[in-house]
$ cat input.cif   # mmCIF, C-alpha atoms
data_run
#
loop_
_atom_site.label_atom_id
_atom_site.label_comp_id
_atom_site.auth_asym_id
_atom_site.auth_seq_id
_atom_site.Cartn_x
_atom_site.Cartn_y
_atom_site.Cartn_z
CA MET L 88 -133.56 -52.86 38.42
CA ALA L 89 -131.03 -51.19 40.66
CA GLY L 90 -131.03 -48.28 38.29
CA SER L 91 -134.24 -47.14 39.94
CA ALA L 92 -132.83 -47.55 43.40
CA THR L 93 -132.64 -43.85 43.95
CA SER L 94 -136.17 -42.82 43.31
CA SER L 95 -135.68 -41.69 46.88
CA ALA L 96 -133.45 -38.86 45.73
CA PRO L 97 -134.56 -35.49 47.07
CA THR L 98 -137.25 -33.75 45.04
CA SER L 99 -135.13 -30.60 44.88
CA VAL L 100 -132.19 -32.58 43.55
CA ARG L 101 -134.20 -34.36 40.88
CA ALA L 102 -135.97 -31.19 39.80
CA SER L 103 -132.77 -29.25 39.34
CA ALA L 104 -130.63 -32.05 37.92
CA HIS L 105 -130.55 -30.50 34.46
CA GLN L 106 -129.46 -27.17 35.94
CA GLY L 107 -126.61 -28.44 38.09
CA GLN L 108 -125.29 -31.43 36.13
CA GLY L 109 -121.82 -29.91 35.81
CA ASN L 110 -121.68 -29.30 39.54
CA TYR L 111 -122.74 -32.90 40.15
CA GLN L 112 -119.98 -34.14 37.85
CA PHE L 113 -117.39 -32.15 39.80
CA ALA L 114 -118.74 -33.54 43.09
CA LEU L 115 -118.58 -37.09 41.72
CA ILE L 116 -114.98 -36.58 40.62
CA ALA L 117 -114.10 -35.40 44.13
CA LEU L 118 -115.92 -38.37 45.68
CA THR L 119 -113.96 -40.89 43.62
CA SER L 120 -110.88 -39.99 45.67
CA LEU L 121 -112.72 -41.16 48.80
CA PHE L 122 -113.72 -44.45 47.22
CA PHE L 123 -110.10 -44.94 46.18
CA MET L 124 -108.77 -44.23 49.67
CA TRP L 125 -111.09 -46.50 51.61
CA GLY L 126 -110.57 -49.27 49.06
CA PHE L 127 -106.83 -48.86 49.51
CA ILE L 128 -106.93 -48.83 53.30
CA THR L 129 -109.35 -51.78 53.50
CA CYS L 130 -107.31 -53.97 51.15
CA LEU L 131 -104.13 -53.12 53.02
CA ASN L 132 -105.60 -55.28 55.80
CA ASP L 133 -105.03 -58.29 53.51
CA ILE L 134 -101.31 -57.49 53.75
CA LEU L 135 -101.48 -56.62 57.44
CA VAL L 136 -103.01 -60.01 58.34
CA PRO L 137 -100.09 -62.20 57.21
CA HIS L 138 -97.58 -59.56 58.38
CA LEU L 139 -98.90 -59.42 61.94
CA LYS L 140 -99.40 -63.19 61.92
CA SER L 141 -95.64 -63.46 61.39
CA VAL L 142 -94.62 -60.65 63.77
CA PHE L 143 -96.69 -61.96 66.69
CA GLN L 144 -96.60 -65.69 65.80
CA LEU L 145 -100.39 -65.95 65.58
CA ASN L 146 -102.63 -68.76 64.36
CA TYR L 147 -105.21 -68.09 61.62
CA THR L 148 -108.04 -67.34 64.03
CA GLN L 149 -105.95 -64.85 66.02
CA SER L 150 -104.75 -63.12 62.85
CA MET L 151 -108.37 -62.63 61.77
CA LEU L 152 -108.86 -60.33 64.78
CA VAL L 153 -107.50 -57.67 62.41
CA GLN L 154 -110.66 -57.96 60.32
CA LEU L 155 -112.84 -58.34 63.44
CA CYS L 156 -111.67 -54.98 64.81
CA PHE L 157 -111.78 -53.23 61.45
CA PHE L 158 -115.20 -54.41 60.31
CA GLY L 159 -116.58 -54.58 63.84
CA ALA L 160 -116.42 -50.79 63.79
CA TYR L 161 -119.10 -50.81 61.09
CA PHE L 162 -121.47 -52.60 63.46
CA ILE L 163 -120.83 -50.19 66.33
CA VAL L 164 -120.52 -46.93 64.40
CA SER L 165 -122.85 -47.20 61.38
CA LEU L 166 -126.15 -46.18 62.98
CA PRO L 167 -124.62 -43.29 65.00
CA ALA L 168 -122.81 -42.27 61.81
CA GLY L 169 -126.13 -42.17 59.94
CA ALA L 170 -127.55 -39.86 62.62
CA LEU L 171 -124.40 -37.71 62.52
CA VAL L 172 -124.49 -37.33 58.74
CA LYS L 173 -128.17 -36.44 58.89
CA ARG L 174 -127.37 -33.68 61.38
CA ILE L 175 -124.21 -32.17 59.86
CA THR L 176 -124.79 -32.93 56.10
CA TYR L 177 -122.99 -35.32 53.78
CA LYS L 178 -120.09 -32.93 53.19
CA TRP L 179 -119.16 -32.43 56.84
CA GLY L 180 -119.72 -36.11 57.54
CA ILE L 181 -117.02 -36.77 54.94
CA VAL L 182 -114.66 -34.25 56.59
CA VAL L 183 -115.19 -35.81 60.05
CA GLY L 184 -114.66 -39.31 58.67
CA LEU L 185 -111.41 -38.33 56.95
CA SER L 186 -110.09 -36.67 60.10
CA ILE L 187 -110.81 -39.70 62.29
CA ALA L 188 -109.22 -42.01 59.71
CA ALA L 189 -106.07 -39.87 59.83
CA VAL L 190 -105.90 -40.28 63.63
CA GLY L 191 -106.30 -44.05 63.27
CA CYS L 192 -103.40 -44.24 60.80
CA ALA L 193 -101.20 -42.14 63.10
CA LEU L 194 -101.87 -44.57 65.98
CA PHE L 195 -99.99 -47.29 64.07
CA ILE L 196 -96.74 -45.55 64.96
CA PRO L 197 -96.93 -46.10 68.76
CA ALA L 198 -98.41 -49.57 68.15
CA ALA L 199 -95.35 -50.52 66.09
CA SER L 200 -92.93 -48.85 68.51
CA TYR L 201 -94.22 -50.84 71.50
CA ARG L 202 -94.97 -53.96 69.39
CA VAL L 203 -98.28 -54.67 71.12
CA TYR L 204 -100.93 -56.52 69.10
CA THR L 205 -103.83 -54.97 71.02
CA LEU L 206 -102.56 -51.48 70.14
CA PHE L 207 -102.61 -52.44 66.46
CA LEU L 208 -106.18 -53.65 66.86
CA GLY L 209 -107.17 -50.41 68.63
CA ALA L 210 -105.60 -48.31 65.85
CA LEU L 211 -107.51 -50.35 63.27
CA PHE L 212 -110.78 -49.74 65.13
CA VAL L 213 -110.24 -45.96 65.14
CA LEU L 214 -109.26 -46.02 61.47
CA ALA L 215 -112.34 -48.08 60.60
CA THR L 216 -114.57 -45.66 62.54
CA GLY L 217 -113.51 -42.91 60.16
CA ILE L 218 -113.98 -45.16 57.12
CA THR L 219 -117.47 -46.12 58.34
CA ILE L 220 -118.54 -42.48 58.53
CA LEU L 221 -117.17 -41.98 55.01
CA GLN L 222 -119.17 -44.97 53.74
CA VAL L 223 -122.40 -43.81 55.37
CA ALA L 224 -122.00 -40.34 53.87
CA ALA L 225 -120.55 -41.04 50.43
CA ASN L 226 -122.54 -44.06 49.18
CA PRO L 227 -126.01 -42.46 49.37
CA TYR L 228 -124.54 -39.10 48.28
CA VAL L 229 -123.42 -40.68 45.02
CA THR L 230 -126.88 -42.18 44.46
CA VAL L 231 -128.60 -38.78 44.64
CA LEU L 232 -126.08 -36.83 42.56
CA GLY L 233 -127.78 -37.35 39.22
CA PRO L 234 -130.74 -39.07 37.53
CA PRO L 235 -132.32 -41.88 39.56
CA ASP L 236 -132.33 -44.32 36.63
CA THR L 237 -128.52 -44.32 36.41
CA ALA L 238 -127.84 -44.60 40.15
CA ALA L 239 -126.52 -48.18 40.07
CA SER L 240 -124.30 -47.36 37.11
CA ARG L 241 -122.97 -44.28 38.91
CA LEU L 242 -122.27 -46.21 42.11
CA ASN L 243 -120.53 -48.95 40.14
CA LEU L 244 -118.32 -46.33 38.47
CA THR L 245 -117.23 -44.79 41.78
CA GLN L 246 -116.80 -48.28 43.24
CA ALA L 247 -114.47 -49.02 40.30
CA PHE L 248 -112.10 -46.40 41.71
CA ASN L 249 -112.52 -48.12 45.08
CA SER L 250 -111.23 -51.23 43.32
CA LEU L 251 -108.33 -49.24 41.85
CA GLY L 252 -107.29 -48.59 45.45
CA THR L 253 -107.62 -52.29 46.32
CA THR L 254 -105.52 -53.20 43.27
CA ILE L 255 -102.65 -50.87 44.18
CA ALA L 256 -102.68 -51.56 47.94
CA PRO L 257 -101.17 -55.11 47.76
CA LEU L 258 -98.26 -53.79 45.67
CA PHE L 259 -97.76 -50.93 48.12
CA GLY L 260 -97.94 -53.33 51.07
CA ALA L 261 -95.60 -55.86 49.50
CA MET L 262 -93.00 -53.18 48.84
CA LEU L 263 -93.15 -51.31 52.16
CA ILE L 264 -94.44 -53.89 54.66
CA LEU L 265 -93.91 -57.53 53.61
CA SER L 266 -90.45 -56.77 52.21
CA ALA L 267 -89.35 -56.26 55.83
CA ALA L 268 -89.92 -59.94 56.59
CA THR L 269 -86.72 -61.64 57.70
CA VAL L 270 -85.57 -65.22 57.55
CA VAL L 271 -85.06 -66.42 61.10
CA ALA L 272 -81.75 -68.19 61.59
CA THR L 273 -81.96 -71.53 63.38
CA ASN L 274 -79.33 -70.44 65.92
CA ALA L 275 -80.75 -66.96 66.58
CA THR L 276 -80.82 -65.93 70.22
CA PRO L 277 -84.05 -64.70 71.88
CA GLU L 278 -82.63 -61.16 71.82
CA GLN L 279 -81.94 -61.40 68.08
CA LEU L 280 -85.41 -62.79 67.44
CA ASP L 281 -86.96 -59.95 69.41
CA ALA L 282 -84.95 -57.36 67.47
CA MET L 283 -86.04 -58.90 64.15
CA ARG L 284 -89.70 -58.92 65.18
CA LEU L 285 -89.43 -55.30 66.32
CA ALA L 286 -87.95 -54.32 62.94
CA GLU L 287 -90.75 -56.16 61.13
CA ALA L 288 -93.40 -54.45 63.27
CA GLY L 289 -91.80 -51.08 62.50
CA ALA L 290 -92.31 -51.65 58.77
CA VAL L 291 -95.87 -50.30 59.08
CA LYS L 292 -94.77 -46.88 60.36
CA LEU L 293 -93.93 -45.16 57.07
CA PRO L 294 -96.93 -46.50 55.07
CA TYR L 295 -99.47 -45.50 57.71
CA LEU L 296 -97.80 -42.13 58.33
CA LEU L 297 -98.15 -41.40 54.60
CA LEU L 298 -101.79 -42.48 54.73
CA ALA L 299 -102.46 -40.23 57.76
CA ALA L 300 -101.07 -37.26 55.81
CA ALA L 301 -103.20 -38.15 52.76
CA PHE L 302 -106.38 -38.33 54.85
CA LEU L 303 -105.63 -34.94 56.45
CA VAL L 304 -105.06 -33.34 53.04
CA LEU L 305 -108.35 -34.78 51.75
CA ALA L 306 -110.18 -33.52 54.86
CA ALA L 307 -108.86 -30.00 54.20
CA VAL L 308 -109.82 -30.22 50.53
CA PHE L 309 -113.39 -31.36 51.24
CA ALA L 310 -113.81 -28.73 53.94
CA ALA L 311 -112.96 -26.09 51.33
CA LEU L 312 -115.05 -27.55 48.48
CA LYS L 313 -118.50 -26.24 47.71
CA LEU L 314 -120.56 -29.36 47.11
CA PRO L 315 -124.25 -29.64 46.08
CA GLU L 316 -126.62 -29.58 49.05
CA VAL L 317 -128.87 -32.64 49.19
CA GLU L 318 -130.23 -32.52 52.71
CA ASP L 319 -133.86 -32.24 51.58
CA GLU L 320 -134.54 -35.97 51.54
CA GLU L 321 -136.83 -35.57 54.56
CA THR L 322 -139.41 -34.07 52.19
CA VAL L 323 -139.42 -37.08 49.86
CA GLU L 324 -142.16 -39.60 50.50
CA PRO L 325 -141.16 -43.28 50.56
CA MET L 326 -143.00 -45.77 48.35
CA ARG L 327 -145.27 -46.63 51.27
CA GLY L 328 -146.11 -45.12 54.62
CA GLY L 329 -144.69 -46.14 57.96
CA GLY L 330 -142.24 -45.02 60.56
CA SER L 331 -138.96 -46.80 59.83
CA ALA L 332 -136.70 -48.19 57.13
CA TRP L 333 -136.85 -51.56 58.91
CA GLN L 334 -140.35 -52.16 57.55
CA TYR L 335 -138.98 -52.67 54.02
CA ARG L 336 -138.43 -56.36 53.36
CA HIS L 337 -136.08 -55.80 50.43
CA LEU L 338 -133.89 -53.54 52.60
CA VAL L 339 -133.64 -56.11 55.39
CA LEU L 340 -132.87 -58.90 52.92
CA GLY L 341 -130.36 -56.56 51.26
CA ALA L 342 -128.67 -55.98 54.62
CA ILE L 343 -128.29 -59.76 55.00
CA GLY L 344 -126.85 -59.78 51.47
CA ILE L 345 -124.32 -57.07 52.36
CA PHE L 346 -123.39 -58.99 55.55
CA LEU L 347 -122.73 -62.20 53.61
CA TYR L 348 -121.09 -60.55 50.61
CA VAL L 349 -118.61 -58.46 52.60
CA GLY L 350 -117.92 -61.42 54.88
CA ALA L 351 -117.21 -63.68 51.90
CA GLU L 352 -115.10 -61.10 50.07
CA VAL L 353 -113.00 -60.30 53.14
CA SER L 354 -112.63 -63.99 54.00
CA VAL L 355 -111.33 -64.83 50.54
CA GLY L 356 -109.09 -61.75 50.33
CA SER L 357 -107.64 -62.22 53.82
CA PHE L 358 -106.45 -65.75 53.07
CA LEU L 359 -105.04 -65.16 49.59
CA VAL L 360 -101.44 -64.49 50.66
CA ASN L 361 -101.32 -67.52 52.96
CA PHE L 362 -103.21 -69.68 50.44
CA LEU L 363 -100.87 -68.85 47.55
CA SER L 364 -97.91 -69.52 49.85
CA GLN L 365 -99.00 -73.14 50.34
CA PRO L 366 -96.61 -75.72 48.80
CA ASP L 367 -99.46 -77.48 46.94
CA ILE L 368 -100.84 -74.24 45.46
CA ALA L 369 -98.13 -71.84 44.25
CA HIS L 370 -95.41 -72.05 46.94
CA LEU L 371 -94.78 -68.29 46.77
CA SER L 372 -93.13 -66.08 49.34
CA GLU L 373 -95.52 -63.72 51.13
CA ALA L 374 -94.15 -60.70 49.23
CA ASP L 375 -94.56 -62.47 45.86
CA ALA L 376 -98.03 -63.74 46.80
CA ALA L 377 -99.07 -60.17 47.63
CA HIS L 378 -98.38 -59.17 44.03
CA TYR L 379 -100.82 -61.82 42.83
CA VAL L 380 -103.47 -60.44 45.19
CA SER L 381 -103.51 -57.42 42.87
CA TYR L 382 -104.97 -59.68 40.18
CA PHE L 383 -107.90 -60.47 42.50
CA TRP L 384 -108.65 -56.80 43.16
CA GLY L 385 -107.71 -55.76 39.61
CA GLY L 386 -110.44 -58.10 38.36
CA ALA L 387 -112.92 -56.34 40.63
CA MET L 388 -111.81 -52.98 39.21
CA ILE L 389 -112.24 -54.11 35.60
CA GLY L 390 -115.61 -55.67 36.40
CA ARG L 391 -116.88 -52.43 37.93
CA PHE L 392 -115.78 -50.26 35.03
CA VAL L 393 -117.46 -52.67 32.61
CA GLY L 394 -120.45 -53.01 34.91
CA SER L 395 -120.97 -49.25 35.04
CA LEU L 396 -121.58 -49.39 31.28
CA ILE L 397 -123.47 -52.63 30.68
CA MET L 398 -125.74 -52.35 33.71
CA ARG L 399 -127.54 -49.52 31.95
CA GLN L 400 -128.89 -52.21 29.63
CA ILE L 401 -129.05 -55.38 31.78
CA ASP L 402 -131.42 -56.20 34.64
CA ASP L 403 -129.37 -55.64 37.77
CA GLY L 404 -130.92 -58.45 39.79
CA LYS L 405 -130.20 -61.02 37.08
CA ALA L 406 -126.64 -59.72 36.67
CA LEU L 407 -126.13 -60.11 40.43
CA ALA L 408 -127.47 -63.69 40.41
CA PHE L 409 -125.34 -64.64 37.39
CA ASN L 410 -122.13 -63.35 38.98
CA ALA L 411 -122.91 -65.14 42.25
CA ALA L 412 -123.40 -68.42 40.37
CA ILE L 413 -120.03 -68.05 38.63
CA VAL L 414 -118.30 -67.38 41.97
CA ILE L 415 -119.85 -70.54 43.44
CA ILE L 416 -118.37 -72.54 40.56
CA LEU L 417 -114.95 -70.90 41.03
CA LEU L 418 -114.95 -71.68 44.77
CA VAL L 419 -115.83 -75.33 44.10
CA VAL L 420 -112.92 -75.52 41.62
CA THR L 421 -110.62 -73.88 44.19
CA VAL L 422 -111.49 -76.48 46.82
CA LEU L 423 -111.32 -79.51 44.51
CA THR L 424 -108.04 -78.66 42.78
CA THR L 425 -104.47 -77.67 43.59
CA GLY L 426 -101.60 -75.87 41.88
CA HIS L 427 -102.20 -73.14 39.32
CA VAL L 428 -105.80 -74.20 38.65
CA ALA L 429 -106.74 -73.51 42.27
CA MET L 430 -104.65 -70.32 42.28
CA TRP L 431 -106.24 -68.77 39.21
CA SER L 432 -109.77 -69.89 40.07
CA VAL L 433 -109.61 -68.14 43.45
CA LEU L 434 -108.05 -65.02 41.90
CA ALA L 435 -110.79 -64.92 39.21
CA ILE L 436 -113.42 -64.49 41.95
CA GLY L 437 -112.51 -60.79 42.11
CA LEU L 438 -113.81 -60.18 38.58
CA PHE L 439 -117.25 -61.56 39.43
CA ASN L 440 -117.37 -59.98 42.87
CA SER L 441 -117.08 -56.60 41.16
CA ILE L 442 -120.69 -55.45 40.83
CA MET L 443 -122.07 -57.14 43.94
CA PHE L 444 -121.67 -54.55 46.70
CA PRO L 445 -122.93 -51.48 44.78
CA THR L 446 -125.74 -53.48 43.16
CA ILE L 447 -127.02 -54.94 46.45
CA PHE L 448 -126.66 -51.50 48.06
CA SER L 449 -128.69 -49.65 45.42
CA LEU L 450 -131.34 -52.39 45.13
CA ALA L 451 -131.85 -52.34 48.89
CA LEU L 452 -132.32 -48.54 49.01
CA HIS L 453 -134.98 -48.53 46.29
CA GLY L 454 -138.08 -46.56 47.24
CA LEU L 455 -137.06 -45.64 50.80
CA GLY L 456 -137.60 -41.89 50.32
CA LYS L 457 -137.00 -40.00 53.54
CA TYR L 458 -135.71 -43.22 55.15
CA THR L 459 -132.73 -43.39 52.77
CA SER L 460 -130.21 -42.17 55.37
CA GLN L 461 -131.48 -44.70 57.90
CA GLY L 462 -131.42 -47.40 55.24
CA SER L 463 -127.82 -46.54 54.34
CA GLY L 464 -126.87 -46.79 58.00
CA ILE L 465 -128.50 -50.23 58.24
CA LEU L 466 -126.65 -51.44 55.15
CA CYS L 467 -123.34 -50.14 56.44
CA LEU L 468 -124.15 -51.82 59.77
CA ALA L 469 -124.31 -55.09 57.85
CA ILE L 470 -120.70 -54.66 56.71
CA VAL L 471 -119.90 -56.24 60.09
CA GLY L 472 -120.01 -59.47 58.10
CA GLY L 473 -116.40 -58.65 57.28
CA ALA L 474 -115.63 -59.03 61.01
CA VAL L 475 -117.60 -62.20 61.72
CA LEU L 476 -117.14 -64.52 58.74
CA PRO L 477 -113.32 -64.29 58.47
CA ILE L 478 -113.12 -65.46 62.11
CA ILE L 479 -115.25 -68.48 61.15
CA GLN L 480 -113.06 -69.20 58.12
CA GLY L 481 -109.95 -68.73 60.28
CA SER L 482 -111.28 -71.29 62.74
CA LEU L 483 -111.96 -73.68 59.85
CA ALA L 484 -108.44 -73.11 58.51
CA ASP L 485 -106.99 -74.01 61.90
CA THR L 486 -109.07 -77.19 62.13
CA VAL L 487 -109.60 -78.61 58.60
CA GLY L 488 -106.94 -76.67 56.71
CA ILE L 489 -106.86 -73.46 54.70
CA HIS L 490 -107.86 -75.27 51.48
CA LEU L 491 -111.16 -76.72 52.71
CA ALA L 492 -111.94 -73.48 54.57
CA PHE L 493 -112.92 -71.98 51.19
CA LEU L 494 -116.14 -74.03 51.34
CA MET L 495 -117.61 -71.50 53.80
CA PRO L 496 -118.03 -68.57 51.34
CA ILE L 497 -120.07 -70.76 48.98
CA ILE L 498 -123.05 -70.50 51.36
CA CYS L 499 -122.83 -66.70 51.20
CA TYR L 500 -122.94 -66.59 47.41
CA VAL L 501 -125.95 -68.93 47.27
CA TYR L 502 -127.90 -66.34 49.27
CA ILE L 503 -126.64 -63.49 47.03
CA ALA L 504 -127.93 -65.39 43.98
CA PHE L 505 -131.33 -65.66 45.70
CA TYR L 506 -131.35 -61.92 46.45
CA GLY L 507 -130.60 -61.12 42.82
CA LEU L 508 -133.41 -63.34 41.56
CA LYS L 509 -136.16 -62.70 44.12
CA GLY L 510 -135.10 -61.10 47.40
CA HIS L 511 -134.54 -57.58 46.03
CA LYS L 512 -138.11 -57.15 44.81
CA PRO L 513 -140.10 -54.81 47.10
CA ALA L 514 -143.03 -56.46 48.86
#
$ encode --input "input.cif" --output "structure tokens"
Amino acid sequence: MAGSATSSAPTSVRASAHQGQGNYQFALIALTSLFFMWGFITCLNDILVPHLKSVFQLNYTQSMLVQLCFFGAYFIVSLPAGALVKRITYKWGIVVGLSIAAVGCALFIPAASYRVYTLFLGALFVLATGITILQVAANPYVTVLGPPDTAASRLNLTQAFNSLGTTIAPLFGAMLILSAATVVATNATPEQLDAMRLAEAGAVKLPYLLLAAAFLVLAAVFAALKLPEVEDEETVEPMRGGGSAWQYRHLVLGAIGIFLYVGAEVSVGSFLVNFLSQPDIAHLSEADAAHYVSYFWGGAMIGRFVGSLIMRQIDDGKALAFNAAIVIILLVVTVLTTGHVAMWSVLAIGLFNSIMFPTIFSLALHGLGKYTSQGSGILCLAIVGGAVLPIIQGSLADTVGIHLAFLMPIICYVYIAFYGLKGHKPA
């Protein structure tokens, strides 16, 4: 079970858990704000994709470069971030990550002013660099702040607040970003078109300026907080000898699972606005479709709150496999139907996605001992799936249509079901 995934928690932490439980609870409360923020900022990409597609007149593949740059940062930054966090501690890794994220948000202002797509992509990469450092620091930190047997439950609870951020973000984006979309008149001159596109591009300035301020405030708060020290993991022996986290089969298979899960989740989420806008699905405007995206992420939030309770009693691997099987069925229904049946089946995927990331993450880290930081870096490296698979689905959407493109994520969930049943078991 994933509940034992943190037997790698530092000896000093486990030994003193009963003495510092209150301090751990305070630290967990503070950490939930981080999970909320990176959920919010990540889901805002689902609004940014159709917005920039309209502003720059992109095809589906080109618009997916947003996710390529954002999640590509995980591939480039994760392992260096793991080394950085190991050197400067979890707390200061969080402060550095928040500060870099603030810079990335601020870079949206010149990108919008000059209306250059590559500047938007560069700003996203900087923002994602900060979020990657946060992920590498905060996910394993949560797993060691408390008893090992409730680690998966604890990570699911904090991930539920991540989903709260993803639920609110589409509403925020619809109100402040997509509402700026204009109807192009058939007799508009090139100068008028350019002015309208510039105004649409400028719609991102206020939202990302507010986010930059929020990240800076959080960085200051975490710099001032006194959090439990858990740097002693080097003294904890892994469940078998060796010189690297890469030797653990269940970690490597878990990294593949993270790659496919994040890729599938981002692919589905990125296409929701455009999918729901299709005449044969719901024929909604982009702003109205964005409101329905909140149902997708709201389902994930509910599933994680429920999962944090019931996964204390249910085998985590079986729960993972069951949820993956349900998602496969929902994707098949989405592809084979139209109208409201297809709309609600694709939105229901969020509910069953809910427990997947934290469960795969905690199962993969089981028994790594002093290699936990390295293992966390490897798993965060695998989040690059969110960069690669949406490009593939975008290419499919451009060639066979957005509807049939939803066949691609089915392959990902078949593997996740395998990992839940067999792949997560240590060799």
$ residues_around --input "input.cif" --residues "Gly217 in chain L" --least-positions-apart "4" --cutoff "9 Å" --atoms "all atoms listed in the file" --output "list in words"
Ile181, Val183, Gly184, Leu185, Ser186, Ile187, Ala188, Ala189, Val190, Gly191, Phe212, Val213, Leu221 and Gln222 of chain L
$ write_last_selection --input "input.cif" --atoms "C-alpha atoms" --output "PDB file, keeping the file's coordinate frame"
ATOM      1  CA  ILE L 181    -117.020 -36.770  54.940  1.00  0.00           C
ATOM      2  CA  VAL L 183    -115.190 -35.810  60.050  1.00  0.00           C
ATOM      3  CA  GLY L 184    -114.660 -39.310  58.670  1.00  0.00           C
ATOM      4  CA  LEU L 185    -111.410 -38.330  56.950  1.00  0.00           C
ATOM      5  CA  SER L 186    -110.090 -36.670  60.100  1.00  0.00           C
ATOM      6  CA  ILE L 187    -110.810 -39.700  62.290  1.00  0.00           C
ATOM      7  CA  ALA L 188    -109.220 -42.010  59.710  1.00  0.00           C
ATOM      8  CA  ALA L 189    -106.070 -39.870  59.830  1.00  0.00           C
ATOM      9  CA  VAL L 190    -105.900 -40.280  63.630  1.00  0.00           C
ATOM     10  CA  GLY L 191    -106.300 -44.050  63.270  1.00  0.00           C
ATOM     11  CA  PHE L 212    -110.780 -49.740  65.130  1.00  0.00           C
ATOM     12  CA  VAL L 213    -110.240 -45.960  65.140  1.00  0.00           C
ATOM     13  CA  LEU L 221    -117.170 -41.980  55.010  1.00  0.00           C
ATOM     14  CA  GLN L 222    -119.170 -44.970  53.740  1.00  0.00           C
TER      15      GLN L 222
END
$ residues_around --input "input.cif" --residues "Ser482 in chain L" --least-positions-apart "3" --cutoff "6 Å" --atoms "all atoms listed in the file" --output "list in words"
Thr148, Ile479 and Asp485 of chain L
$ resolve_selection --input "input.cif" --expression "the PyMOL selection byres ((chain L and resi 440) around 8)" --output "compact mmCIF listing (two decimals) with C-alpha atoms, in the frame of the given file"
# COMPACT_ATOMS: atom_id res chain seq x y z
CA GLU L 352 -115.10 -61.10 50.07
CA ALA L 387 -112.92 -56.34 40.63
CA GLY L 390 -115.61 -55.67 36.40
CA ASN L 410 -122.13 -63.35 38.98
CA ALA L 411 -122.91 -65.14 42.25
CA VAL L 414 -118.30 -67.38 41.97
CA ILE L 436 -113.42 -64.49 41.95
CA GLY L 437 -112.51 -60.79 42.11
CA LEU L 438 -113.81 -60.18 38.58
CA PHE L 439 -117.25 -61.56 39.43
CA SER L 441 -117.08 -56.60 41.16
CA ILE L 442 -120.69 -55.45 40.83
CA MET L 443 -122.07 -57.14 43.94
CA PHE L 444 -121.67 -54.55 46.70
$ atom_distance --input "input.cif" --atom1 "CA of Ala310 in chain L" --atom2 "CA of Leu293 in chain L"
26.0 Å
$ closest_residue --input "input.cif" --among "L:Val182, L:Leu208, L:Val475, L:Leu434" --to "Ser354 in chain L" --atoms "all atoms listed in the file"
L:Val475
$ closest_residue --input "input.cif" --among "L:Tyr161, L:Tyr348, L:Tyr506, L:Phe358" --to "Asp133 in chain L" --atoms "all atoms listed in the file"
L:Phe358
$ atom_distance --input "input.cif" --atom1 "CA of Lys512 in chain L" --atom2 "CA of Ile401 in chain L"
16.0 Å
$ atom_distance --input "input.cif" --atom1 "CA of Val339 in chain L" --atom2 "CA of Pro227 in chain L"
16.8 Å
$ resolve_selection --input "input.cif" --expression "the PyMOL selection byres ((chain L and resi 291) around 8)" --output "MDAnalysis selection string"
chainID L and resid 195:196 199 263:264 288:290 292:295
$ write_last_selection --input "input.cif" --atoms "C-alpha atoms" --output "mmCIF file, keeping the file's coordinate frame"
data_model
loop_
_atom_site.group_PDB
_atom_site.id
_atom_site.type_symbol
_atom_site.label_atom_id
_atom_site.label_comp_id
_atom_site.auth_asym_id
_atom_site.auth_seq_id
_atom_site.Cartn_x
_atom_site.Cartn_y
_atom_site.Cartn_z
ATOM 1 C CA PHE L 195 -99.990 -47.290 64.070
ATOM 2 C CA ILE L 196 -96.740 -45.550 64.960
ATOM 3 C CA ALA L 199 -95.350 -50.520 66.090
ATOM 4 C CA LEU L 263 -93.150 -51.310 52.160
ATOM 5 C CA ILE L 264 -94.440 -53.890 54.660
ATOM 6 C CA ALA L 288 -93.400 -54.450 63.270
ATOM 7 C CA GLY L 289 -91.800 -51.080 62.500
ATOM 8 C CA ALA L 290 -92.310 -51.650 58.770
ATOM 9 C CA LYS L 292 -94.770 -46.880 60.360
ATOM 10 C CA LEU L 293 -93.930 -45.160 57.070
ATOM 11 C CA PRO L 294 -96.930 -46.500 55.070
ATOM 12 C CA TYR L 295 -99.470 -45.500 57.710
#
$ closest_residue --input "input.cif" --among "L:Ser200, L:Gln112, L:Thr245, L:Thr129" --to "Ser357 in chain L" --atoms "only C-alpha atoms"
L:Thr129
$ resolve_selection --input "input.cif" --expression "the PyMOL selection byres ((chain L and resi 256-258) around 7)" --output "list of chain:residue names"
L:Phe127, L:Cys130, L:Leu131, L:Ile134, L:Gly252, L:Thr253, L:Thr254, L:Ile255, L:Phe259, L:Gly260, L:Ala261, L:Met262, L:Ala377, L:His378, L:Val380, L:Ser381
$ residues_near_point --input "input.cif" --point "(-123.4, -43.6, 56.2)" --cutoff "12 Å" --atoms "only C-alpha atoms" --output "JSON, numbers by chain"
{"L": [161, 162, 164, 165, 166, 167, 168, 169, 170, 171, 172, 173, 174, 176, 177, 178, 179, 180, 181, 183, 184, 216, 217, 218, 219, 220, 221, 222, 223, 224, 225, 226, 227, 228, 229, 448, 459, 460, 461, 462, 463, 464, 465, 466, 467, 468, 469, 470]}
$ closest_residue --input "input.cif" --among "L:Leu206, L:Leu417, L:Leu232, L:Leu297" --to "Ile128 in chain L" --atoms "only C-alpha atoms"
L:Leu297
